[in-house]
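Undergrad: The following block contains the structure, expressed as structure tokens.
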Amino acid sequence: MFFSGDPSTRKRVDLGGRSSKERDRQKLLEQTRLERNRRLWLRQQNSAALKIQKCFRGRKEVETERSKVRENFLKTHGERCHTVDRQCFSPDSDFLRHLLFFFNPTYTTDVSVLVETCRSLLEFVRDNGDVVSLFAGTEYASKAALVRYRVKKFAHACIRAVYGNRNKLRDQLFMESEKSCTSAILLLDAVTLLIDLGLPWACSTVTYLLQRNIYSLFREIVLIGKDRSFPASNRVVSSFERVLGLITSHIGQGICTCPIVDPQCFFPSQILTIPFLWRFFPHLKEIFASPSVSRHYFHQMKLCMKDHINVLPPDIAIDLPGYACLLGNLLEVARLAFAQPESFTMVNTKDIPLALLK
């Protein structure tokens with residue numbers, strides 16, 4: 001070994017923290033990268049934990065407040081809502097605001113309160129006949145935003161109550177409303193009242209329901225009750241069929257401004273794929289066969305079927321695929337649809353079966 005000119009005998013230490021005998025440059029870079037990723041992962045984990053804790057504490061506080069509001073509400077009005085009068089539906093009343101805040105369709109007490117509220121609503125409208133003044137008073141224009149919000153939340157709560165208790169209410173869902181005042185009928189009749197096309201908030205309410213995948217809920221409700229026996233085809237229309245018909249036909253009206261919903265959540269995907277649909281809902285069949293409604297849905301199916309492969313829900317059974325059920329329901333209603341005046345001015349429907357078979 002040659003003399004380097006340095007008289008020191010100390011061993012040199014690599015200030016970089018590595019020895020050329022132990023690891024090379026690539027190993028150092030790899031270890032640095034792994035440590036950086038580990039620190040990043042720890043930061044993300046801590047941040048996610050803080051967000052989860054914050055969300056959990058927030059939801060817990062909300063549930064606590066809901067319990068307090070529910071308790072005070074029941075003390076004031078009772079489970080049977082004996083103290084409810086017309087003023088409870090006015091914009092200045094806290095009755096609906098509190099009810100819609102704490103309502104939970106899984107709580108039997110909440111559902112009972114909502115049913116009694118619907119009963120009172122129907123009685124007040126039956127006596128007076130003016131729904132707008134009941135919710136808005138004498139100045140709807142100045143209270144329009146608040147009224148629209150309460151009405152759409154109220155209608156959605158009624159449908160959630162029916163959906164959440166569909167197993168208990170399955171025998172009431174398709175009963176004739178004129179002959180019964182059961183819980184399901186009162187809830188559905190209230191929805192029918194609130195989404196009437198002549199009301200100023202009808203379009204915003206239907207839009208709100210469509211944006212919350214209301215047809216998916218309707219599909220589950222129909223599948224629960226489809227195995228029970230149905231009266232003859234000339235029966236009185238049930239409350240559920242009336243609600244379904246109003247929402248289905250609403251979007252086909254000329255004055256409707258409802259936006260186009262997700263193809264996976266609209267009427268053809270969720271409802272027309274139910275096997276033998278018209279056997280359960282003959283009145284809905286007549287509504288769908290009308291030129292304006294059928295034109296609208298045929299046009300929507302023509303636009304989406306070729307571009308969206310998975311727009312249909314899972315098949316109900318192996319021998320009842322969704323495409324076959326959809327095509328069968330369309331063919332069954334076709335004769336009635338083409339018998340309507342101006343039926344041949346509709347969108348060319350020959351493209352629909354081709355799209356379904358692809």
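Just remember, in the structure tokens the first chain shown is A, the second B, etc., residues are 1-based per chain, and ligands are 1-based in the order shown.
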Contacts of stretch 56-69 of chain A at 6 Å or less, counting only C-alpha atoms, minus same-chain residues fewer than 4 places along, as JSON, numbers by chain?

TA: {"A": [52, 73, 102]}

Undergrad: So which bits of stretch 114-197 of chain A end up helix (DSSP H, G or I) when you DSSP the backbone, as JSON, numbers by chain?

TA: {"A": [114, 115, 116, 117, 118, 119, 120, 121, 122, 123, 124, 125, 126, 127, 128, 131, 132, 133, 134, 135, 136, 140, 141, 142, 143, 144, 145, 146, 147, 148, 149, 150, 151, 152, 153, 154, 155, 156, 157, 158, 159, 160, 161, 162, 163, 164, 177, 178, 179, 183, 184, 185, 186, 187, 188, 189, 190, 191, 192, 193, 194]}

Undergrad: Grab the residues selected above and save them as an mmCIF file, in the first residue's frame with C-alpha atoms.

TA:
data_model
loop_
_atom_site.group_PDB
_atom_site.id
_atom_site.type_symbol
_atom_site.label_atom_id
_atom_site.label_comp_id
_atom_site.auth_asym_id
_atom_site.auth_seq_id
_atom_site.Cartn_x
_atom_site.Cartn_y
_atom_site.Cartn_z
ATOM 1 C CA LEU A 114 -95.784 10.263 9.767
ATOM 2 C CA VAL A 115 -98.889 8.187 9.030
ATOM 3 C CA GLU A 116 -101.008 10.325 11.359
ATOM 4 C CA THR A 117 -99.561 13.452 9.767
ATOM 5 C CA CYS A 118 -100.582 12.145 6.343
ATOM 6 C CA ARG A 119 -104.049 11.382 7.677
ATOM 7 C CA SER A 120 -104.403 14.961 8.942
ATOM 8 C CA LEU A 121 -103.046 16.364 5.677
ATOM 9 C CA LEU A 122 -105.565 14.432 3.593
ATOM 10 C CA GLU A 123 -108.423 15.475 5.874
ATOM 11 C CA PHE A 124 -107.487 19.162 5.739
ATOM 12 C CA VAL A 125 -107.227 19.107 1.948
ATOM 13 C CA ARG A 126 -110.489 17.179 1.680
ATOM 14 C CA ASP A 127 -112.242 19.828 3.775
ATOM 15 C CA ASN A 128 -110.677 22.870 2.127
ATOM 16 C CA VAL A 131 -103.033 22.446 -0.907
ATOM 17 C CA VAL A 132 -100.946 25.495 -1.772
ATOM 18 C CA SER A 133 -102.455 27.709 0.922
ATOM 19 C CA LEU A 134 -102.095 24.897 3.452
ATOM 20 C CA PHE A 135 -98.310 24.756 2.964
ATOM 21 C CA ALA A 136 -97.578 28.341 1.905
ATOM 22 C CA TYR A 140 -96.529 31.444 -1.920
ATOM 23 C CA ALA A 141 -94.067 33.542 -3.931
ATOM 24 C CA SER A 142 -92.183 34.738 -0.851
ATOM 25 C CA LYS A 143 -92.183 31.268 0.747
ATOM 26 C CA ALA A 144 -91.650 29.212 -2.406
ATOM 27 C CA ALA A 145 -88.140 27.933 -1.624
ATOM 28 C CA LEU A 146 -89.048 26.784 1.889
ATOM 29 C CA VAL A 147 -92.318 25.214 0.759
ATOM 30 C CA ARG A 148 -90.686 23.315 -2.114
ATOM 31 C CA TYR A 149 -88.012 21.993 0.233
ATOM 32 C CA ARG A 150 -90.497 20.790 2.838
ATOM 33 C CA VAL A 151 -92.842 19.231 0.301
ATOM 34 C CA LYS A 152 -90.162 17.228 -1.493
ATOM 35 C CA LYS A 153 -88.663 16.034 1.792
ATOM 36 C CA PHE A 154 -92.129 15.102 3.043
ATOM 37 C CA ALA A 155 -92.945 13.125 -0.116
ATOM 38 C CA HIS A 156 -89.597 11.353 0.008
ATOM 39 C CA ALA A 157 -90.111 10.488 3.680
ATOM 40 C CA CYS A 158 -93.459 8.869 2.852
ATOM 41 C CA ILE A 159 -91.914 6.691 0.154
ATOM 42 C CA ARG A 160 -88.997 5.794 2.429
ATOM 43 C CA ALA A 161 -91.492 4.739 5.085
ATOM 44 C CA VAL A 162 -93.274 2.439 2.626
ATOM 45 C CA TYR A 163 -89.995 1.041 1.313
ATOM 46 C CA GLY A 164 -88.455 0.541 4.741
ATOM 47 C CA SER A 177 -107.552 3.032 -1.537
ATOM 48 C CA GLU A 178 -111.277 3.808 -1.626
ATOM 49 C CA LYS A 179 -112.006 0.845 0.624
ATOM 50 C CA SER A 183 -100.825 2.987 6.800
ATOM 51 C CA ALA A 184 -99.466 2.249 3.323
ATOM 52 C CA ILE A 185 -102.470 3.818 1.603
ATOM 53 C CA LEU A 186 -102.305 6.979 3.723
ATOM 54 C CA LEU A 187 -98.599 7.403 2.966
ATOM 55 C CA LEU A 188 -99.038 6.795 -0.760
ATOM 56 C CA ASP A 189 -102.146 8.986 -1.026
ATOM 57 C CA ALA A 190 -100.175 11.825 0.551
ATOM 58 C CA VAL A 191 -97.483 11.413 -2.118
ATOM 59 C CA THR A 192 -100.164 11.403 -4.818
ATOM 60 C CA LEU A 193 -101.525 14.638 -3.426
ATOM 61 C CA LEU A 194 -98.126 16.350 -3.302
#
